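Just below is one structure, and these are the notes that go with it.
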Amino acid sequence: MCYSPMVEKSLKVLEHDFGVAPVRESFEEYRRLHDQDPKKFPDFSREQIFPGHFAPVATTAGIEPMRYSAWPSAKVTDPSRYTTYNARIENLGSPFWMECPDVAPGVVKVKAFLEWVEVADLLKDGKVSLEEIEAAFAEKSAARRDAMEHAGKKYRPTPTEKKPARERKVTIMISPEGGREIFVPVLVSRHAKGDGFVGPRGGFAIITGPAPKEILRAGHDRCPLHLPRMAAMAWLAAGKIDLRLLGRPGHEVGQDHMNFTYRLEA
């Protein structure tokens, strides 16, 4: 799973990479929506996104702002029961994904991604000490206390904050070695017009595959699928979901040609 990627948001860089132009009207509309409701439509310049946030996605139609969560099929009666911001490559051909409205390939450019891992698992890798983790937890607790006191509220430790560090989870930021960025294939779908819907109609799910050994050692078993640029362009140019362009589980195109590193996220 990839719950929070750091994505490239420079439209000039993305236009150069993918050879397709930004849909200017869509980005101008997003800026208007942000001015009206900055909570629902966060500042687009922020690289880190969470499910429900928006990011630039390259499709055959151009580069558009899209929601980090695909729009599921109308046949899905309770969408809130499902995670639609990640799509496992093993399940990509299922009716759940293939019946998404206007389903199509897209690509995002990712600089890094954040994951929750068990502290006990992370310590086994030996790259981070318990003291460093405890210091990171203390820093976050202090920041939360300061924010609450600034708001005139009384600070109380949460049940999680009271747990010993070894029994908690911690966030790590995983990135390609050498400061490289990765081309990540995504599944794009679109909300039906009408119904009083406001906002960009496109939504996307990051396609994930089995994690390489460096990420497995840190205690996480999934990783965004990453393609060489030419393979990403072929996926994009197909205009439709062609699973052959992604390889097969465990043998994804490009998956074995990149090393990753991680650090604690303060």
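Labels for the structure tokens follow display order: chains A, B, ..., residues from 1 in each chain, ligands from 1.
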
- Message: Using only C-alpha atoms, which protein or nucleic acid residues come within 8 Å of Leu33 of chain A? Drop anything in the same chain fewer than 5 positions from it, and give the result as a ChimeraX atom specification.
- Response: /A:38,41,199

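You can rank A:Val128, A:Val7, A:Ala234, A:Ala135 by their closest distance to Lys109 of chain A using only C-alpha atoms, and at the top of that list sits A:Val7.
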
- Task: Please run DSSP on the backbone and report, as a VMD selection string, all residues within segment 29-237 of chain A that come out as strand (DSSP E or B).
- Result: chain A and resid 48 54 to 59 62 to 68 86 to 88 104 to 118 169 to 176 182 to 190 202 to 210 222 to 224 227

- Task: Taking the DSSP assignment computed from this structure's backbone, write out as a ChimeraX atom specification all residues of segment 48-165 of chain A that belong to alpha helix (DSSP H).
- Result: /A:95-98,119-125,130-150,159-162

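Considering the residues A:Leu123, A:Ala136, A:Val108, A:Ala61 and counting only C-alpha atoms, Glu47 of chain A has its shortest atom-to-atom contact with A:Val108.
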
- Of A:Leu92, A:Cys223, A:Ala142, A:Val117, the one sitting nearest Phe260 of chain A when using only C-alpha atoms is A:Cys223

- Note on the structure: atom CA of Val186 of chain A sits from atom CA of Leu11 of chain A at a separation of 17.8 Å

- With only C-alpha atoms as the atoms that count, which of A:Met98, A:Met6, A:Ile182, A:Val23 lies nearest to Met258 of chain A?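 For Met258 of chain A, the nearest of the candidates is A:Ile182.
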
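Each of A:Leu264, A:Met233, A:Val107, A:Ala192 was checked against Ser175 of chain A using only C-alpha atoms; the smallest atom-to-atom distance is that of A:Leu264.
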
- Using only C-alpha atoms: which of A:Asp102, A:Ser141, A:Ile133, A:Ile215 has the shortest distance to Thr158 of chain A: A:Ser141

- From atom CA of Arg263 of chain A to atom CA of Ala232 of chain A the spacing works out at 27.2 Å

- Between atom CA of Cys100 of chain A and atom CA of Lys75 of chain A lies a distance of 9.2 Å

- Non-local contacts of Glu29 of chain A (12 Å; only C-alpha atoms; under 2 positions in same chain excluded) as JSON, numbers by chain: {"A": [23, 24, 25, 26, 27, 31, 32, 33, 34, 35, 36, 41, 44, 64, 65, 198, 199, 200, 201]}

- Message: Which residues are near Pro176 of chain A? Cut-off 10 Å, only C-alpha atoms, ignore same chain within fewer than 5 positions. Put them as a PyMOL selection string.
- Response: chain A and resi 110-113+181-182+258-262

Name the residues in contact with Arg156 of chain A at a cut-off of 12 Å, using only C-alpha atoms, excluding same-chain residues fewer than 5 positions from it; report them as a PDB file with all heavy atoms, in the first residue's frame.
```pdb
ATOM      1  N   SER A 141       4.927  14.340  19.618  1.00  0.00           N
ATOM      2  CA  SER A 141       4.055  14.595  20.764  1.00  0.00           C
ATOM      3  C   SER A 141       4.176  16.046  21.230  1.00  0.00           C
ATOM      4  O   SER A 141       3.177  16.695  21.568  1.00  0.00           O
ATOM      5  CB  SER A 141       4.394  13.642  21.913  1.00  0.00           C
ATOM      6  OG  SER A 141       4.078  12.309  21.578  1.00  0.00           O
ATOM      7  N   ALA A 142       5.406  16.556  21.228  1.00  0.00           N
ATOM      8  CA  ALA A 142       5.623  17.945  21.630  1.00  0.00           C
ATOM      9  C   ALA A 142       4.946  18.904  20.663  1.00  0.00           C
ATOM     10  O   ALA A 142       4.343  19.911  21.080  1.00  0.00           O
ATOM     11  CB  ALA A 142       7.122  18.236  21.710  1.00  0.00           C
ATOM     12  N   ARG A 144       2.294  18.270  18.847  1.00  0.00           N
ATOM     13  CA  ARG A 144       0.842  18.182  19.063  1.00  0.00           C
ATOM     14  C   ARG A 144       0.436  18.927  20.323  1.00  0.00           C
ATOM     15  O   ARG A 144      -0.574  19.636  20.350  1.00  0.00           O
ATOM     16  CB  ARG A 144       0.421  16.706  19.167  1.00  0.00           C
ATOM     17  CG  ARG A 144      -1.095  16.503  19.073  1.00  0.00           C
ATOM     18  CD  ARG A 144      -1.452  15.039  19.049  1.00  0.00           C
ATOM     19  NE  ARG A 144      -1.340  14.434  20.367  1.00  0.00           N
ATOM     20  CZ  ARG A 144      -2.301  14.486  21.293  1.00  0.00           C
ATOM     21  NH1 ARG A 144      -3.438  15.114  21.047  1.00  0.00           N
ATOM     22  NH2 ARG A 144      -2.127  13.897  22.462  1.00  0.00           N
ATOM     23  N   ARG A 145       1.247  18.814  21.386  1.00  0.00           N
ATOM     24  CA  ARG A 145       0.963  19.531  22.627  1.00  0.00           C
ATOM     25  C   ARG A 145       0.993  21.043  22.399  1.00  0.00           C
ATOM     26  O   ARG A 145       0.096  21.778  22.837  1.00  0.00           O
ATOM     27  CB  ARG A 145       1.988  19.152  23.700  1.00  0.00           C
ATOM     28  CG  ARG A 145       1.727  19.843  25.052  1.00  0.00           C
ATOM     29  CD  ARG A 145       2.856  19.591  26.029  1.00  0.00           C
ATOM     30  NE  ARG A 145       4.107  20.164  25.538  1.00  0.00           N
ATOM     31  CZ  ARG A 145       5.209  19.456  25.314  1.00  0.00           C
ATOM     32  NH1 ARG A 145       5.238  18.152  25.521  1.00  0.00           N
ATOM     33  NH2 ARG A 145       6.300  20.061  24.868  1.00  0.00           N
ATOM     34  N   ASP A 146       2.019  21.517  21.669  1.00  0.00           N
ATOM     35  CA  ASP A 146       2.129  22.956  21.409  1.00  0.00           C
ATOM     36  C   ASP A 146       0.937  23.452  20.600  1.00  0.00           C
ATOM     37  O   ASP A 146       0.409  24.541  20.863  1.00  0.00           O
ATOM     38  CB  ASP A 146       3.429  23.254  20.656  1.00  0.00           C
ATOM     39  CG  ASP A 146       4.661  23.029  21.522  1.00  0.00           C
ATOM     40  OD1 ASP A 146       4.507  22.906  22.751  1.00  0.00           O
ATOM     41  OD2 ASP A 146       5.773  22.957  20.953  1.00  0.00           O
ATOM     42  N   MET A 148      -2.112  22.194  20.489  1.00  0.00           N
ATOM     43  CA  MET A 148      -3.320  22.189  21.311  1.00  0.00           C
ATOM     44  C   MET A 148      -3.318  23.345  22.306  1.00  0.00           C
ATOM     45  O   MET A 148      -4.338  24.011  22.499  1.00  0.00           O
ATOM     46  CB  MET A 148      -3.443  20.854  22.042  1.00  0.00           C
ATOM     47  CG  MET A 148      -3.707  19.669  21.119  1.00  0.00           C
ATOM     48  SD  MET A 148      -4.040  18.121  21.987  1.00  0.00           S
ATOM     49  CE  MET A 148      -5.659  18.488  22.683  1.00  0.00           C
ATOM     50  N   GLU A 149      -2.164  23.582  22.926  1.00  0.00           N
ATOM     51  CA  GLU A 149      -2.080  24.684  23.887  1.00  0.00           C
ATOM     52  C   GLU A 149      -2.246  26.025  23.186  1.00  0.00           C
ATOM     53  O   GLU A 149      -2.852  26.947  23.739  1.00  0.00           O
ATOM     54  CB  GLU A 149      -0.746  24.603  24.628  1.00  0.00           C
ATOM     55  CG  GLU A 149      -0.662  23.400  25.576  1.00  0.00           C
ATOM     56  CD  GLU A 149       0.679  23.292  26.261  1.00  0.00           C
ATOM     57  OE1 GLU A 149       1.617  24.029  25.866  1.00  0.00           O
ATOM     58  OE2 GLU A 149       0.808  22.461  27.197  1.00  0.00           O
ATOM     59  N   GLU A 161       0.276   7.233  22.246  1.00  0.00           N
ATOM     60  CA  GLU A 161       1.461   7.912  22.778  1.00  0.00           C
ATOM     61  C   GLU A 161       1.929   7.293  24.088  1.00  0.00           C
ATOM     62  O   GLU A 161       3.111   7.388  24.439  1.00  0.00           O
ATOM     63  CB  GLU A 161       1.176   9.396  22.969  1.00  0.00           C
ATOM     64  CG  GLU A 161       1.082  10.182  21.675  1.00  0.00           C
ATOM     65  CD  GLU A 161       0.656  11.622  21.884  1.00  0.00           C
ATOM     66  OE1 GLU A 161      -0.165  11.881  22.800  1.00  0.00           O
ATOM     67  OE2 GLU A 161       1.124  12.481  21.133  1.00  0.00           O
ATOM     68  N   LYS A 162       1.027   6.647  24.808  1.00  0.00           N
ATOM     69  CA  LYS A 162       1.380   6.029  26.090  1.00  0.00           C
ATOM     70  C   LYS A 162       2.059   4.669  25.910  1.00  0.00           C
ATOM     71  O   LYS A 162       2.667   4.162  26.839  1.00  0.00           O
ATOM     72  CB  LYS A 162       0.125   5.864  26.951  1.00  0.00           C
ATOM     73  CG  LYS A 162      -0.486   7.180  27.424  1.00  0.00           C
ATOM     74  CD  LYS A 162      -1.743   6.915  28.237  1.00  0.00           C
ATOM     75  CE  LYS A 162      -2.381   8.211  28.701  1.00  0.00           C
ATOM     76  NZ  LYS A 162      -3.627   7.948  29.481  1.00  0.00           N
TER      77      LYS A 162
END
```
